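Chemist: Structure file structure.csv (CSV, C-alpha atoms) is given on the next line.
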chain,number,residue,atom,x,y,z
A,30,MET,CA,-65.6,17.9,114.0
A,31,LEU,CA,-66.8,14.4,113.1
A,32,ASP,CA,-64.0,11.9,112.5
A,33,TYR,CA,-65.3,10.0,109.4
A,34,HIS,CA,-62.5,7.5,109.7
A,35,ALA,CA,-63.7,6.4,113.1
A,36,ILE,CA,-67.0,5.2,111.7
A,37,PRO,CA,-67.0,1.5,110.6
A,38,SER,CA,-67.2,1.2,106.8
A,39,PRO,CA,-69.7,0.7,105.2
A,40,CYS,CA,-72.3,2.3,107.4
A,41,TYR,CA,-75.6,4.1,107.1
A,42,VAL,CA,-75.6,7.0,109.5
A,43,LEU,CA,-78.7,8.8,110.7
A,44,GLU,CA,-78.1,12.5,111.5
A,45,LEU,CA,-80.6,13.2,114.3
A,46,ALA,CA,-80.6,17.0,114.0
A,47,LYS,CA,-81.6,16.7,110.3
A,48,LEU,CA,-84.3,14.2,111.2
A,49,GLN,CA,-85.7,16.5,113.8
A,50,HIS,CA,-85.6,19.4,111.3
A,51,ASN,CA,-87.8,17.4,109.0
A,52,LEU,CA,-90.2,16.4,111.8
A,53,ALA,CA,-90.6,20.0,112.8
A,54,LEU,CA,-91.7,20.9,109.2
A,55,LEU,CA,-94.1,18.0,109.2
A,56,GLU,CA,-95.6,19.1,112.6
A,57,ARG,CA,-96.1,22.5,111.1
A,58,ALA,CA,-97.9,21.0,108.1
A,59,GLN,CA,-100.1,19.0,110.3
A,60,LYS,CA,-101.1,22.0,112.3
A,61,GLU,CA,-101.6,24.5,109.5
A,62,ALA,CA,-103.3,22.1,107.1
A,63,GLY,CA,-105.3,20.2,109.7
A,64,ILE,CA,-104.1,16.8,108.6
A,65,LYS,CA,-102.8,13.7,110.2
A,66,ILE,CA,-99.4,12.6,108.9
A,67,VAL,CA,-98.5,8.9,109.2
A,68,LEU,CA,-95.1,7.5,108.3
A,69,ALA,CA,-94.9,5.4,105.2
A,70,LEU,CA,-92.7,2.6,106.3
A,71,LYS,CA,-92.0,1.6,102.6
A,72,GLY,CA,-89.8,4.7,102.5
A,73,PHE,CA,-88.3,5.0,106.0
A,74,ALA,CA,-88.4,2.0,108.3
A,75,PHE,CA,-85.4,3.1,110.5
A,76,TRP,CA,-87.3,2.0,113.6
A,77,ARG,CA,-84.3,2.8,115.9
A,78,ALA,CA,-85.3,6.4,115.3
A,79,PHE,CA,-89.0,6.0,116.1
A,80,GLU,CA,-88.6,7.3,119.6
A,81,TRP,CA,-88.3,10.8,118.0
A,82,VAL,CA,-90.7,10.2,115.0
A,83,ARG,CA,-93.6,9.0,117.2
A,84,THR,CA,-93.7,12.2,119.2
A,85,SER,CA,-94.4,14.1,116.0
A,86,LEU,CA,-96.5,11.9,113.7
A,87,HIS,CA,-99.8,10.2,114.2
A,88,GLY,CA,-98.8,6.6,113.2
A,89,CYS,CA,-97.7,4.6,110.3
A,90,CYS,CA,-99.0,3.3,107.0
A,91,ALA,CA,-98.0,-0.3,106.1
A,92,SER,CA,-97.9,-2.1,102.8
A,93,GLY,CA,-98.4,-5.5,104.3
A,94,VAL,CA,-98.1,-7.7,107.3
A,95,HIS,CA,-94.5,-7.2,108.2
A,96,GLU,CA,-94.7,-3.4,108.1
A,97,ALA,CA,-97.9,-3.5,110.1
A,98,LEU,CA,-96.2,-5.6,112.7
A,99,LEU,CA,-93.2,-3.2,112.8
A,100,ALA,CA,-95.6,-0.3,113.3
A,101,TYR,CA,-97.4,-2.1,116.1
A,102,GLU,CA,-94.3,-3.2,117.9
A,103,GLU,CA,-92.1,-0.1,117.5
A,104,PHE,CA,-94.5,2.9,116.9
A,105,GLY,CA,-97.6,2.2,118.9
A,106,SER,CA,-100.4,-0.3,119.3
A,107,ARG,CA,-104.0,0.2,118.2
A,108,GLU,CA,-104.9,1.0,121.8
A,109,SER,CA,-102.2,3.8,122.0
A,110,THR,CA,-104.2,6.1,119.7
A,111,LYS,CA,-101.5,5.7,117.0
A,112,GLU,CA,-102.9,4.9,113.6
A,113,ILE,CA,-101.8,1.8,111.7
A,114,CYS,CA,-103.2,2.0,108.2
A,115,VAL,CA,-102.6,-1.1,106.1
A,116,PHE,CA,-102.9,-1.3,102.3
A,117,SER,CA,-101.8,-4.0,99.9
A,118,PRO,CA,-102.6,-4.7,96.2
A,119,ALA,CA,-104.0,-8.0,97.5
A,120,PHE,CA,-104.3,-9.7,100.9
A,121,LYS,CA,-104.2,-13.4,101.6
A,122,PRO,CA,-106.5,-14.8,104.3
A,123,SER,CA,-103.4,-15.4,106.5
A,124,ASP,CA,-102.5,-11.7,106.1
A,125,ILE,CA,-106.0,-10.5,107.3
A,126,ALA,CA,-105.7,-12.9,110.3
A,127,GLN,CA,-102.5,-11.2,111.4
A,128,ILE,CA,-103.6,-7.7,110.6
A,129,LEU,CA,-107.0,-7.7,112.3
A,130,PRO,CA,-105.6,-7.6,115.8
A,131,ILE,CA,-103.3,-4.6,115.1
A,132,ALA,CA,-104.7,-2.4,112.3
A,133,THR,CA,-106.7,0.8,112.8
A,134,HIS,CA,-107.5,1.0,109.0
A,135,ILE,CA,-107.5,-1.7,106.3
A,136,ILE,CA,-107.6,-0.4,102.8
A,137,PHE,CA,-108.6,-2.7,99.9
A,138,ASN,CA,-107.5,-2.4,96.4
A,139,SER,CA,-110.6,-3.9,94.8
A,140,PHE,CA,-114.2,-4.5,95.5
A,141,ALA,CA,-113.5,-8.3,95.2
A,142,GLN,CA,-111.0,-8.1,98.0
A,143,TYR,CA,-113.3,-5.9,100.1
A,144,HIS,CA,-116.2,-8.4,99.6
A,145,ALA,CA,-113.9,-11.3,100.4
A,146,TYR,CA,-112.8,-9.9,103.8
A,147,LYS,CA,-115.6,-7.4,104.8
A,148,ASN,CA,-117.4,-9.8,107.1
A,149,LEU,CA,-114.2,-10.7,109.0
A,150,VAL,CA,-113.6,-7.0,109.7
A,151,LEU,CA,-117.2,-6.4,110.7
A,152,GLU,CA,-117.1,-9.4,113.0
A,153,LYS,CA,-113.9,-8.1,114.6
A,154,ASN,CA,-115.5,-4.7,115.0
A,155,GLN,CA,-118.4,-6.2,116.9
A,156,LYS,CA,-115.9,-7.7,119.4
A,157,LEU,CA,-114.0,-4.4,119.7
A,158,HIS,CA,-117.3,-2.6,120.4
A,159,LYS,CA,-118.1,-5.0,123.3
A,160,LEU,CA,-114.7,-4.2,124.7
A,161,GLY,CA,-115.2,-0.5,124.3
A,162,LEU,CA,-112.5,-0.2,121.7
A,163,SER,CA,-112.5,1.7,118.4
A,164,PRO,CA,-113.5,-0.2,115.3
A,165,ILE,CA,-111.2,-1.0,112.4
A,166,LYS,CA,-112.0,1.5,109.6
A,167,ILE,CA,-112.5,0.0,106.1
A,168,GLY,CA,-111.3,2.0,103.1
A,169,LEU,CA,-111.0,1.6,99.3
A,170,ARG,CA,-108.1,2.7,97.2
A,171,VAL,CA,-109.2,4.6,94.1
A,172,ASN,CA,-107.3,5.5,90.9
A,173,PRO,CA,-108.3,8.9,89.6
A,174,LEU,CA,-106.6,8.3,86.3
A,175,PHE,CA,-104.3,11.3,86.8
A,176,SER,CA,-100.7,11.6,87.9
A,177,ARG,CA,-97.7,13.6,86.8
A,178,VAL,CA,-95.2,11.1,88.3
A,179,ARG,CA,-92.1,10.2,86.2
A,180,PRO,CA,-90.7,7.7,85.5
A,181,LEU,CA,-93.6,5.4,84.8
A,182,ILE,CA,-92.3,2.7,87.1
A,183,TYR,CA,-93.4,5.0,90.0
A,184,ASN,CA,-96.6,6.2,88.4
A,185,PRO,CA,-99.7,4.5,90.1
A,186,CYS,CA,-102.0,5.8,87.4
A,187,ALA,CA,-99.9,4.6,84.4
A,188,PRO,CA,-101.6,2.4,81.8
A,189,HIS,CA,-102.4,-1.1,83.1
A,190,SER,CA,-101.7,0.0,86.7
A,191,ARG,CA,-102.9,-2.5,89.2
A,192,LEU,CA,-103.1,0.1,92.0
A,193,GLY,CA,-106.5,1.5,92.9
A,194,ILE,CA,-110.0,1.1,91.6
A,195,THR,CA,-110.7,2.9,88.3
A,196,PRO,CA,-113.9,5.0,88.0
A,197,LYS,CA,-115.5,2.4,85.7
A,198,ALA,CA,-114.6,-0.5,88.0
A,199,PHE,CA,-115.7,1.6,91.0
A,200,LYS,CA,-119.2,2.2,89.5
A,201,GLU,CA,-119.5,-1.5,88.7
A,202,GLY,CA,-118.3,-2.6,92.2
A,203,LEU,CA,-120.6,-0.1,93.9
A,204,GLU,CA,-123.6,-1.6,92.1
A,205,ARG,CA,-122.6,-5.1,92.8
A,206,TYR,CA,-121.3,-5.0,96.4
A,207,GLY,CA,-122.3,-1.7,97.9
A,208,LEU,CA,-120.3,0.1,100.6
A,209,GLU,CA,-121.3,-1.6,103.9
A,210,GLY,CA,-118.7,-0.7,106.5
A,211,VAL,CA,-116.7,1.5,104.2
A,212,SER,CA,-115.9,4.8,105.8
A,213,GLY,CA,-113.0,6.2,103.8
A,214,LEU,CA,-111.2,6.4,100.4
A,215,HIS,CA,-107.5,6.4,99.7
A,216,PHE,CA,-105.4,7.5,96.7
A,217,HIS,CA,-101.7,7.7,96.2
A,218,THR,CA,-100.6,9.4,93.0
A,219,HIS,CA,-97.5,11.4,93.9
A,220,CYS,CA,-93.7,11.0,94.1
A,221,GLU,CA,-91.3,13.7,95.3
A,222,GLN,CA,-93.9,16.4,94.3
A,223,ASP,CA,-95.1,19.8,95.4
A,224,ALA,CA,-98.6,20.7,96.6
A,225,PRO,CA,-99.8,22.1,93.3
A,226,ALA,CA,-99.7,18.5,91.9
A,227,LEU,CA,-102.0,17.5,94.8
A,228,GLN,CA,-104.4,20.3,93.9
A,229,GLU,CA,-104.7,19.0,90.4
A,230,THR,CA,-105.2,15.5,91.6
A,231,LEU,CA,-108.0,16.4,93.9
A,232,GLU,CA,-109.9,17.8,91.0
A,233,HIS,CA,-109.8,14.4,89.3
A,234,VAL,CA,-110.7,12.6,92.5
A,235,SER,CA,-113.7,14.8,93.0
A,236,ALA,CA,-114.8,14.5,89.4
A,237,HIS,CA,-114.7,10.7,89.5
A,238,PHE,CA,-115.5,9.8,93.1
A,239,GLY,CA,-117.1,12.9,94.5
A,240,ASP,CA,-120.5,11.3,95.1
A,241,THR,CA,-119.0,8.6,97.2
A,242,LEU,CA,-116.5,10.9,98.9
A,243,ALA,CA,-119.5,13.0,100.1
A,244,GLN,CA,-120.5,9.9,102.2
A,245,MET,CA,-117.1,9.2,103.7
A,246,GLN,CA,-115.7,10.1,107.1
A,247,TRP,CA,-112.0,10.1,106.1
A,248,LEU,CA,-109.7,10.4,103.2
A,249,ASN,CA,-106.1,9.4,102.8
A,250,ILE,CA,-104.3,11.5,100.2
A,251,GLY,CA,-101.3,9.2,100.0
A,252,GLY,CA,-97.6,10.2,100.1
A,253,GLY,CA,-95.2,11.7,97.7
A,254,GLN,CA,-95.6,15.2,99.0
A,255,HIS,CA,-92.1,16.6,99.5
A,256,ILE,CA,-93.1,18.6,102.6
A,257,SER,CA,-89.6,18.7,104.1
A,258,LYS,CA,-87.9,19.9,100.9
A,259,GLU,CA,-86.8,23.5,100.9
A,260,GLY,CA,-89.4,25.6,98.9
A,261,TYR,CA,-92.3,23.2,99.4
A,262,ALA,CA,-95.5,25.2,98.9
A,263,LEU,CA,-97.1,24.6,102.3
A,264,ASN,CA,-99.6,27.5,101.7
A,265,VAL,CA,-100.9,25.6,98.7
A,266,LEU,CA,-101.3,22.4,100.8
A,267,VAL,CA,-103.3,24.4,103.3
A,268,GLN,CA,-105.5,25.9,100.6
A,269,ALA,CA,-106.1,22.5,99.1
A,270,MET,CA,-107.2,21.0,102.4
A,271,GLN,CA,-109.4,24.0,103.1
A,272,GLY,CA,-111.0,23.6,99.7
A,273,LEU,CA,-111.4,19.9,100.3
A,274,ARG,CA,-113.2,20.4,103.6
A,275,GLN,CA,-115.5,23.0,102.1
A,276,ALA,CA,-116.5,20.6,99.3
A,277,PHE,CA,-116.8,17.6,101.6
A,278,PRO,CA,-117.8,18.9,105.1
A,279,ASN,CA,-118.4,15.3,106.2
A,280,LEU,CA,-114.7,14.5,106.2
A,281,GLN,CA,-113.6,14.1,109.8
A,282,GLU,CA,-110.0,13.1,109.1
A,283,ILE,CA,-107.5,13.6,106.3
A,284,PHE,CA,-104.4,11.5,106.3
A,285,CYS,CA,-101.1,12.1,104.4
A,286,GLU,CA,-98.5,9.4,104.4
A,287,PRO,CA,-95.0,10.6,103.4
A,288,GLY,CA,-92.0,8.4,103.8
A,289,GLU,CA,-89.2,10.2,101.9
A,290,ALA,CA,-90.2,13.5,103.5
A,291,VAL,CA,-89.4,12.0,106.9
A,292,GLY,CA,-85.9,10.7,106.0
A,293,TRP,CA,-85.1,13.4,103.4
A,294,GLN,CA,-81.5,14.4,103.7
A,295,ALA,CA,-81.4,13.0,107.2
A,296,GLY,CA,-78.4,10.7,106.8
A,297,PHE,CA,-75.6,9.3,104.7
A,298,LEU,CA,-73.9,6.1,103.5
A,299,LEU,CA,-70.2,6.0,104.4
A,300,SER,CA,-67.9,3.8,102.3
A,301,SER,CA,-64.1,3.3,101.8
A,302,VAL,CA,-61.8,3.1,98.8
A,303,LEU,CA,-60.4,-0.4,98.6
A,304,ASP,CA,-58.4,-0.2,95.4
A,305,ILE,CA,-57.8,2.0,92.4
A,306,VAL,CA,-57.4,0.4,89.0
A,307,GLU,CA,-57.2,1.7,85.4
A,308,ASN,CA,-59.0,0.7,82.3
A,309,GLN,CA,-59.2,3.6,79.9
A,310,ALA,CA,-60.1,5.6,83.1
A,311,GLN,CA,-59.3,5.6,86.8
A,312,ILE,CA,-61.7,3.3,88.7
A,313,ALA,CA,-62.0,3.4,92.4
A,314,ILE,CA,-63.4,0.2,93.9
A,315,LEU,CA,-65.4,0.8,97.1
A,316,ASP,CA,-66.7,-1.5,99.8
A,317,VAL,CA,-70.3,-0.7,98.8
A,318,SER,CA,-72.4,-1.6,95.8
A,319,ILE,CA,-75.1,0.4,93.9
A,320,THR,CA,-77.0,-2.8,93.2
A,321,ASN,CA,-76.8,-4.0,96.9
A,322,HIS,CA,-76.9,-0.8,98.9
A,323,MET,CA,-78.3,1.9,96.6
A,324,PRO,CA,-80.9,0.2,94.4
A,325,ASP,CA,-83.1,3.2,94.5
A,326,CYS,CA,-80.4,5.0,92.5
A,327,LEU,CA,-80.9,2.4,89.7
A,328,GLU,CA,-84.7,2.4,89.8
A,329,MET,CA,-85.3,6.1,89.9
A,330,PRO,CA,-82.6,6.6,88.5
A,331,TYR,CA,-80.4,9.3,90.0
A,332,GLN,CA,-76.7,10.0,90.9
A,333,PRO,CA,-76.2,10.9,94.5
A,334,GLU,CA,-74.2,13.8,95.7
A,335,ILE,CA,-70.9,12.8,97.4
A,336,PHE,CA,-67.8,14.0,99.1
A,337,LYS,CA,-64.5,12.4,100.0
A,338,VAL,CA,-62.6,12.5,103.3
A,339,ALA,CA,-58.9,12.0,103.0
A,340,SER,CA,-56.7,10.4,105.7
A,341,ASP,CA,-55.7,13.9,107.0
A,342,GLY,CA,-59.4,14.7,107.5
A,343,SER,CA,-59.7,17.1,104.6
A,344,ILE,CA,-63.0,17.1,102.7
A,345,ALA,CA,-63.6,17.6,99.0
A,346,GLU,CA,-66.9,17.5,97.1
A,347,GLY,CA,-67.4,15.2,94.2
A,348,LYS,CA,-68.3,17.2,91.1
A,349,PRO,CA,-69.2,16.7,87.5
A,350,THR,CA,-65.9,18.3,86.4
A,351,GLY,CA,-62.5,18.5,88.0
A,352,GLU,CA,-58.8,17.7,87.5
A,353,PHE,CA,-59.0,14.1,88.9
A,354,SER,CA,-61.8,12.0,87.4
A,355,TYR,CA,-62.9,8.5,88.7
A,356,PHE,CA,-65.6,5.9,88.0
A,357,LEU,CA,-66.7,4.7,91.4
A,358,GLY,CA,-67.2,0.9,91.2
A,359,GLY,CA,-68.9,-1.4,93.6
A,360,VAL,CA,-67.6,-4.6,95.2
A,361,SER,CA,-70.2,-6.9,93.6
A,362,CYS,CA,-69.5,-9.1,90.5
A,363,LEU,CA,-72.1,-7.1,88.5
A,364,ALA,CA,-70.2,-5.6,85.6
A,365,GLY,CA,-72.4,-2.5,85.7
A,366,ASP,CA,-72.0,-1.9,89.4
A,367,PHE,CA,-70.8,1.7,88.9
A,368,ILE,CA,-71.7,4.8,90.9
A,369,GLY,CA,-70.4,7.7,89.0
A,370,PRO,CA,-68.3,9.2,87.4
A,371,TYR,CA,-67.2,11.9,89.8
A,372,CYS,CA,-64.4,14.4,89.8
A,373,PHE,CA,-62.3,15.9,92.6
A,374,GLU,CA,-59.8,18.6,92.9
A,375,THR,CA,-57.3,16.2,94.6
A,376,PRO,CA,-56.6,12.6,93.8
A,377,LEU,CA,-58.3,9.7,95.5
A,378,ALA,CA,-56.2,7.3,97.6
A,379,VAL,CA,-56.8,3.8,99.1
A,380,GLY,CA,-58.4,4.3,102.5
A,381,ASP,CA,-60.2,7.5,101.7
A,382,ARG,CA,-63.8,7.7,102.8
A,383,ILE,CA,-66.5,8.3,100.2
A,384,VAL,CA,-69.7,9.7,101.8
A,385,PHE,CA,-73.0,9.4,99.8
A,386,LYS,CA,-75.4,12.0,100.9
A,387,ASP,CA,-79.2,11.5,101.5
A,388,MET,CA,-79.2,7.7,101.8
A,389,LEU,CA,-81.5,7.1,104.7
A,390,HIS,CA,-84.8,6.9,102.8
A,391,TYR,CA,-85.6,4.0,100.4
A,392,SER,CA,-81.9,2.8,100.1
A,393,ILE,CA,-82.0,0.9,103.4
A,394,VAL,CA,-85.4,-0.7,102.9
A,395,LYS,CA,-84.4,-1.9,99.4
A,396,ASN,CA,-80.9,-3.1,100.1
A,397,ASN,CA,-79.9,-6.8,99.7
A,398,THR,CA,-77.2,-9.3,100.2
A,399,PHE,CA,-76.4,-10.2,96.5
A,400,ASN,CA,-73.0,-11.9,96.2
A,401,GLY,CA,-73.1,-12.5,100.0
A,402,ILE,CA,-72.0,-8.9,100.4
A,403,ALA,CA,-72.7,-7.7,104.0
A,404,LEU,CA,-75.3,-5.1,104.7
A,405,PRO,CA,-73.8,-1.8,105.9
A,406,ALA,CA,-73.9,-1.1,109.6
A,407,LEU,CA,-76.4,1.3,111.1
A,408,GLY,CA,-75.3,4.3,113.2
A,409,LEU,CA,-76.6,7.4,114.8
A,410,LEU,CA,-74.9,10.9,114.8
A,411,ALA,CA,-76.3,12.9,117.7
A,412,HIS,CA,-74.7,16.1,119.2
A,413,ASP,CA,-71.6,15.4,117.1
A,414,LYS,CA,-71.1,12.0,118.6
A,415,PHE,CA,-71.4,8.7,116.6
A,416,SER,CA,-73.0,5.6,118.1
A,417,LEU,CA,-73.0,2.2,116.4
A,418,LEU,CA,-76.6,0.8,116.5
A,419,LYS,CA,-76.3,-2.4,114.5
A,420,SER,CA,-73.8,-4.4,112.5
A,421,PHE,CA,-74.4,-7.3,110.2
A,422,ASP,CA,-72.5,-10.5,109.6
A,423,TYR,CA,-72.6,-13.8,107.7
A,424,THR,CA,-75.6,-15.1,109.6
A,425,HIS,CA,-77.8,-12.3,108.1
A,426,TYR,CA,-76.8,-13.5,104.6
A,427,LYS,CA,-77.3,-17.2,105.4
A,428,GLU,CA,-80.7,-16.8,107.0
A,429,ARG,CA,-82.0,-14.9,103.9
A,430,ASN,CA,-81.3,-17.9,101.6
Now that the file is in, can you turn its structure into structure tokens?

Modeler:
Amino acid sequence: MLDYHAIPSPCYVLELAKLQHNLALLERAQKEAGIKIVLALKGFAFWRAFEWVRTSLHGCCASGVHEALLAYEEFGSRESTKEICVFSPAFKPSDIAQILPIATHIIFNSFAQYHAYKNLVLEKNQKLHKLGLSPIKIGLRVNPLFSRVRPLIYNPCAPHSRLGITPKAFKEGLERYGLEGVSGLHFHTHCEQDAPALQETLEHVSAHFGDTLAQMQWLNIGGGQHISKEGYALNVLVQAMQGLRQAFPNLQEIFCEPGEAVGWQAGFLLSSVLDIVENQAQIAILDVSITNHMPDCLEMPYQPEIFKVASDGSIAEGKPTGEFSYFLGGVSCLAGDFIGPYCFETPLAVGDRIVFKDMLHYSIVKNNTFNGIALPALGLLAHDKFSLLKSFDYTHYKERN
């Protein structure tokens, strides 16, 4: 049995068996739906686990230079047959200069950006051709004006969205700039959703961009498909991809880019109770912070599932109701740094471990050093044995300021 008190606190812990379970589901989806799944680094950038991820997935999608470099260094180079698909709402010239040597796909968010950098990509492709290497594929991100994502902060098709080319802007850009070198389209309209939402979206994509899609060699359907969640309608995904290929037989490749589905329920954040104070309620102060270490809980927002581990090793789930109720407070100076409330069947004590479930995706990539609070350590749980992978100290705070 795992000794939670032997793990340094605080610590993000990757559970290898659960990650491998997710990867097996994603492998099955790739095979049955005939798609290439690439890891969205914006959701899961735990590169110390890539030795397992790269054996299952076809590459990574990056949201800019640094993610692209991480994909190149830790997942596989362009020459290794791994895909490195790079998208950004807007690129700088210096971004393109760094991306050209490593990307397999560059996806532009507007016709103006495409026009600004098209010739650089085409010139690079001429050099790659002389070397007998595959060219960089140029894509355009489109906005089909349809998404069921809530809340709006996560909806790429919300009013005034800056993400993707709208049908009107696409028609105007097509007339002005053409499609020289463009071989694919990309859309991303989902977040923690099932395959029926994708089916609906494809109808809008076809209606608005079908004429262009009929000329394309590849399509990236984005992420947000909760493929590793229990009950996901894989059969609907398979049907949707079959229908897509029937409607557009020219498509040679279809990409899907989940991040959360890779790290879904694959690890936890361990913390400790430092003190218990009272102010109209019992308040347990932990060595973690929702604003520092769980910002996705604030943005989404959601309250994570937890359990406590007492000094004697006994475990008790945190529940909405129970005899002993506590607000769990963070260690930052933010007055609203609360994670809770939670109830337990037994009282909390200083030194108890509080384990926040499902904290490997998005939490780590969004955490910060506000107040100079140290980042949690990184660990691996494999075959019931814990290994410390990385710890952080003062220098990590100083070098970020």

Chemist: Ranking A:Asp304, A:Gly365, A:Ile36, A:Arg179 by minimum distance to Phe415 in chain A and counting only C-alpha atoms, which one comes first?

Modeler: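 Closest candidate: A:Ile36.
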
Chemist: Can you list every residue of range 245-361 of chain A that has an atom at most 9 Å from range 64-77 of chain A, with its nearest atom pair and the distance in Å to one decimal, using all atoms listed in the file, ordered by chain then number, as a Markdown table?

Modeler:
| residue | atom | partner | partner_atom | distance |
| --- | --- | --- | --- | --- |
| A:Gly252 | CA | A:Ala69 | CA | 7.5 |
| A:Met270 | CA | A:Ile64 | CA | 8.1 |
| A:Glu282 | CA | A:Ile64 | CA | 7.0 |
| A:Ile283 | CA | A:Ile64 | CA | 5.2 |
| A:Phe284 | CA | A:Lys65 | CA | 4.8 |
| A:Cys285 | CA | A:Ile66 | CA | 4.8 |
| A:Glu286 | CA | A:Val67 | CA | 4.8 |
| A:Pro287 | CA | A:Ala69 | CA | 5.5 |
| A:Gly288 | CA | A:Ala69 | CA | 4.4 |
| A:Glu289 | CA | A:Gly72 | CA | 5.6 |
| A:Ala290 | CA | A:Gly72 | CA | 8.9 |
| A:Val291 | CA | A:Phe73 | CA | 7.1 |
| A:Gly292 | CA | A:Phe73 | CA | 6.2 |

Chemist: Please identify all polymer residues within 12 Å of Gly380 in chain A, counting all atoms listed in the file, omitting same-chain residues fewer than 5 positions from it, and present them as a PyMOL selection string.

Modeler: chain A and resi 33-34+38+300-305+313-316+337-342

Chemist: For CA of Gly358 in chain A and CA of Pro324 in chain A, quote the distance in Å rounded to one decimal.

Modeler: 14.1 Å

Chemist: Grab the CA of Leu208 in chain A to CA of His134 in chain A distance for me, in Å with one decimal place.

Modeler: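 CA of Leu208 in chain A sits 15.3 Å away from CA of His134 in chain A.
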
Chemist: Between A:Ala78, A:Leu389, A:Met329, A:Cys90, single out the one closest to Glu103 in chain A, counting only C-alpha atoms.

Modeler: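 Closest candidate: A:Ala78.
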
Chemist: To one decimal in Å, tell me the separation between CA of His158 in chain A and CA of Val115 in chain A.

Modeler: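 Answer for the CA of His158 in chain A to CA of Val115 in chain A separation: 20.6 Å.
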
Chemist: Ranking A:Ile136, A:Leu48, A:Met388, A:Cys40 by minimum distance to Ala91 in chain A and counting only C-alpha atoms, which one comes first?

Modeler: A:Ile136

Chemist: Quick one: everything within 8 Å of range 122-132 of chain A, counting all atoms listed in the file, minus sequence neighbours fewer than 4 positions away in the same chain. Send it as an MDAnalysis selection string.

Modeler: chainID A and resid 93:94 97:98 101 106:107 112:115 146 150 153 165

Chemist: Output C-alpha atoms for every residue in the selection just made, as an mmCIF file, in the frame of the given file.

Modeler:
data_model
loop_
_atom_site.group_PDB
_atom_site.id
_atom_site.type_symbol
_atom_site.label_atom_id
_atom_site.label_comp_id
_atom_site.auth_asym_id
_atom_site.auth_seq_id
_atom_site.Cartn_x
_atom_site.Cartn_y
_atom_site.Cartn_z
ATOM 1 C CA GLY A 93 -98.400 -5.500 104.300
ATOM 2 C CA VAL A 94 -98.100 -7.700 107.300
ATOM 3 C CA ALA A 97 -97.900 -3.500 110.100
ATOM 4 C CA LEU A 98 -96.200 -5.600 112.700
ATOM 5 C CA TYR A 101 -97.400 -2.100 116.100
ATOM 6 C CA SER A 106 -100.400 -0.300 119.300
ATOM 7 C CA ARG A 107 -104.000 0.200 118.200
ATOM 8 C CA GLU A 112 -102.900 4.900 113.600
ATOM 9 C CA ILE A 113 -101.800 1.800 111.700
ATOM 10 C CA CYS A 114 -103.200 2.000 108.200
ATOM 11 C CA VAL A 115 -102.600 -1.100 106.100
ATOM 12 C CA TYR A 146 -112.800 -9.900 103.800
ATOM 13 C CA VAL A 150 -113.600 -7.000 109.700
ATOM 14 C CA LYS A 153 -113.900 -8.100 114.600
ATOM 15 C CA ILE A 165 -111.200 -1.000 112.400
#

Chemist: If I only want range 106-130 of chain A, can you write it with C-alpha atoms, as a tab-separated table (two decimals), in the first residue's frame?

Modeler:
chain	number	residue	atom	x	y	z
A	106	SER	CA	12.04	15.47	-34.43
A	107	ARG	CA	10.52	16.17	-37.82
A	108	GLU	CA	12.76	13.48	-39.29
A	109	SER	CA	11.45	10.87	-36.81
A	110	THR	CA	7.98	10.69	-38.45
A	111	LYS	CA	6.40	12.29	-35.38
A	112	GLU	CA	4.08	15.18	-36.19
A	113	ILE	CA	4.70	18.64	-34.71
A	114	CYS	CA	1.64	20.74	-35.53
A	115	VAL	CA	2.02	24.39	-34.54
A	116	PHE	CA	-0.82	26.89	-34.22
A	117	SER	CA	-0.92	30.36	-32.71
A	118	PRO	CA	-3.48	33.19	-32.91
A	119	ALA	CA	-0.59	35.22	-34.33
A	120	PHE	CA	3.08	34.56	-35.06
A	121	LYS	CA	6.00	36.98	-34.88
A	122	PRO	CA	8.73	36.77	-37.53
A	123	SER	CA	11.06	35.45	-34.83
A	124	ASP	CA	8.52	32.71	-34.04
A	125	ILE	CA	8.44	31.54	-37.64
A	126	ALA	CA	12.24	31.54	-37.79
A	127	GLN	CA	12.38	29.13	-34.83
A	128	ILE	CA	9.44	26.99	-35.96
A	129	LEU	CA	10.51	26.40	-39.57
A	130	PRO	CA	13.33	23.96	-38.70
